[in-house]
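> So that we are looking at the same thing, I have put the structure below in C-alpha cells.
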Amino acid sequence: MPTRNMAYDHPAYTAVLPVSLGVTAAGASAITPARFVAFTDMLVKSITVASVTAGTSTTHIIRSLVYRGGTATNTAIITTLGSSGFANVVSTLTLTQGDGLALLQGSDATQVSQGGAELQIIPGANVTV
C-alpha cells in the first residue's frame with residue numbers, strides 16, 4: 001500500500017490515539033506485556049500508570065522503556081508511585097517507525113501496575129492510505 005503525508009492540521013495528526021500497555025506481573029523489574037510498536041513517527045503525549053495490587057514500597061519507581069531495533073535502549077523514570085494510586089505524566093518522548101514502548105516497574109516484590117499511553121502522529125509523518 002502507498003504511504004503519504006498531509007498538511008500539519010490534517011485529522012490524522014490532530015487525533016489522539018489511546019494505547020493500553022497492559023498489566024505487569026507482580027515482582028521487581030516486571031515489564032508490561034503489551035509492547036506498543038509505532039507504525040510511523042509518533043509523540044508520546046502522556047503516560048498513565050496505576051497500581052492494580054498495592055506493594056510494600058512507598059517509593060515505587062516506574063520507567064518508560066523504548067525499544068529501538070529490538071533492544072531496550074532508552075529508559076527514563078517517568079513517575080514514582082506510593083504503594084497504591086495512579087499518576088499521569090506529560091511526555092515529550094518520540095518514537096520512530098518500528099520503535100516499541102513498554103513500562104518497567106521498580107524493585108517492589110508485590111506491586112502490580114497497569115499502564116497506558118496517549119499518542120499522536122507527528123505532523124508530516126508518513127501514513128498508509
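Residues in the C-alpha cells are named by chain (A, B, ... in the order shown) and by number from 1 within that chain; ligands are numbered from 1 in the order shown.
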Just list the residues in chain A DSSP gives alpha helix (DSSP H) on the backbone, as a PDB file with N, CA and C atoms, in the first residue's frame.


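Printed below is out_39.pdb as written:
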```pdb
ATOM      1  N   PRO A  11      -6.619  15.734  10.147  1.00  0.00           N
ATOM      2  CA  PRO A  11      -7.133  14.990  11.313  1.00  0.00           C
ATOM      3  C   PRO A  11      -6.266  13.805  11.750  1.00  0.00           C
ATOM      4  N   ALA A  12      -5.529  13.206  10.816  1.00  0.00           N
ATOM      5  CA  ALA A  12      -4.642  12.095  11.205  1.00  0.00           C
ATOM      6  C   ALA A  12      -3.584  12.556  12.187  1.00  0.00           C
ATOM      7  N   TYR A  13      -3.213  13.824  12.129  1.00  0.00           N
ATOM      8  CA  TYR A  13      -2.167  14.356  13.001  1.00  0.00           C
ATOM      9  C   TYR A  13      -2.711  15.026  14.252  1.00  0.00           C
ATOM     10  N   THR A  14      -3.995  15.333  14.274  1.00  0.00           N
ATOM     11  CA  THR A  14      -4.554  16.002  15.450  1.00  0.00           C
ATOM     12  C   THR A  14      -5.276  15.026  16.386  1.00  0.00           C
TER      13      THR A  14
END
```

> Near range 32-48 of chain A, counting only C-alpha atoms, which residues have an atom at most 8 Å away, once you skip same-chain residues fewer than 4 positions from it, shown as a PyMOL selection string?

chain A and resi 19-25+86-104+114-122+125-127

> How would the residues just chosen look if you wrote them out with C-alpha atoms as a PDB file, in the first residue's frame?


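Done, and the output landed in out18.pdb:
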```pdb
ATOM      1  CA  VAL A  19      -2.884   2.645  23.783  1.00  0.00           C
ATOM      2  CA  SER A  20      -3.007   0.104  26.584  1.00  0.00           C
ATOM      3  CA  LEU A  21       0.368  -1.247  27.646  1.00  0.00           C
ATOM      4  CA  GLY A  22      -1.158  -3.949  29.836  1.00  0.00           C
ATOM      5  CA  VAL A  23      -0.703  -5.126  33.403  1.00  0.00           C
ATOM      6  CA  THR A  24       2.646  -6.218  34.820  1.00  0.00           C
ATOM      7  CA  ALA A  25       3.162  -9.385  36.785  1.00  0.00           C
ATOM      8  CA  PHE A  86      -2.028   6.438  39.948  1.00  0.00           C
ATOM      9  CA  ALA A  87      -0.046   9.052  38.062  1.00  0.00           C
ATOM     10  CA  ASN A  88      -0.447  10.765  34.707  1.00  0.00           C
ATOM     11  CA  VAL A  89       2.798  12.141  33.335  1.00  0.00           C
ATOM     12  CA  VAL A  90       3.127  14.521  30.398  1.00  0.00           C
ATOM     13  CA  SER A  91       5.794  13.345  27.980  1.00  0.00           C
ATOM     14  CA  THR A  92       7.864  14.621  25.067  1.00  0.00           C
ATOM     15  CA  LEU A  93       9.181  11.177  24.171  1.00  0.00           C
ATOM     16  CA  THR A  94       9.164  10.443  20.440  1.00  0.00           C
ATOM     17  CA  LEU A  95       9.037   7.102  18.669  1.00  0.00           C
ATOM     18  CA  THR A  96      10.134   6.437  15.117  1.00  0.00           C
ATOM     19  CA  GLN A  97       8.563   3.753  12.961  1.00  0.00           C
ATOM     20  CA  GLY A  98       9.425   0.340  14.424  1.00  0.00           C
ATOM     21  CA  ASP A  99      10.230   1.582  17.941  1.00  0.00           C
ATOM     22  CA  GLY A 100       8.478  -0.170  20.814  1.00  0.00           C
ATOM     23  CA  LEU A 101       7.118   1.257  24.073  1.00  0.00           C
ATOM     24  CA  ALA A 102       6.588  -0.574  27.366  1.00  0.00           C
ATOM     25  CA  LEU A 103       6.751   0.211  31.094  1.00  0.00           C
ATOM     26  CA  LEU A 104       9.215  -1.219  33.599  1.00  0.00           C
ATOM     27  CA  GLN A 114      -1.087  -1.113  34.714  1.00  0.00           C
ATOM     28  CA  GLY A 115      -0.102   1.436  32.093  1.00  0.00           C
ATOM     29  CA  GLY A 116      -1.421   3.253  29.090  1.00  0.00           C
ATOM     30  CA  ALA A 117      -0.165   5.937  26.737  1.00  0.00           C
ATOM     31  CA  GLU A 118      -1.669   8.811  24.805  1.00  0.00           C
ATOM     32  CA  LEU A 119      -0.023   9.035  21.376  1.00  0.00           C
ATOM     33  CA  GLN A 120      -0.180  11.410  18.453  1.00  0.00           C
ATOM     34  CA  ILE A 121       1.201  11.021  14.929  1.00  0.00           C
ATOM     35  CA  ILE A 122       3.865  13.660  14.345  1.00  0.00           C
ATOM     36  CA  ALA A 125       4.911  11.568   9.218  1.00  0.00           C
ATOM     37  CA  ASN A 126       4.009   9.025   6.551  1.00  0.00           C
ATOM     38  CA  VAL A 127       0.777   7.092   6.969  1.00  0.00           C
TER      39      VAL A 127
END
```

> Which is closest to Thr110 in chain A among A:Thr59, A:Thr75, A:Asn5, A:Ser83, if we use only C-alpha atoms?

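Ranked by minimum distance to Thr110 in chain A, first place goes to A:Ser83.
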
> Let me make sure I understand: among A:Gly82, A:Gly27, A:Gly124, A:Gly106, which one has the smallest atom-to-atom distance to Ser64 in chain A if we use only C-alpha atoms?

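Residue with the minimum atom-to-atom distance to Ser64 in chain A: A:Gly106.
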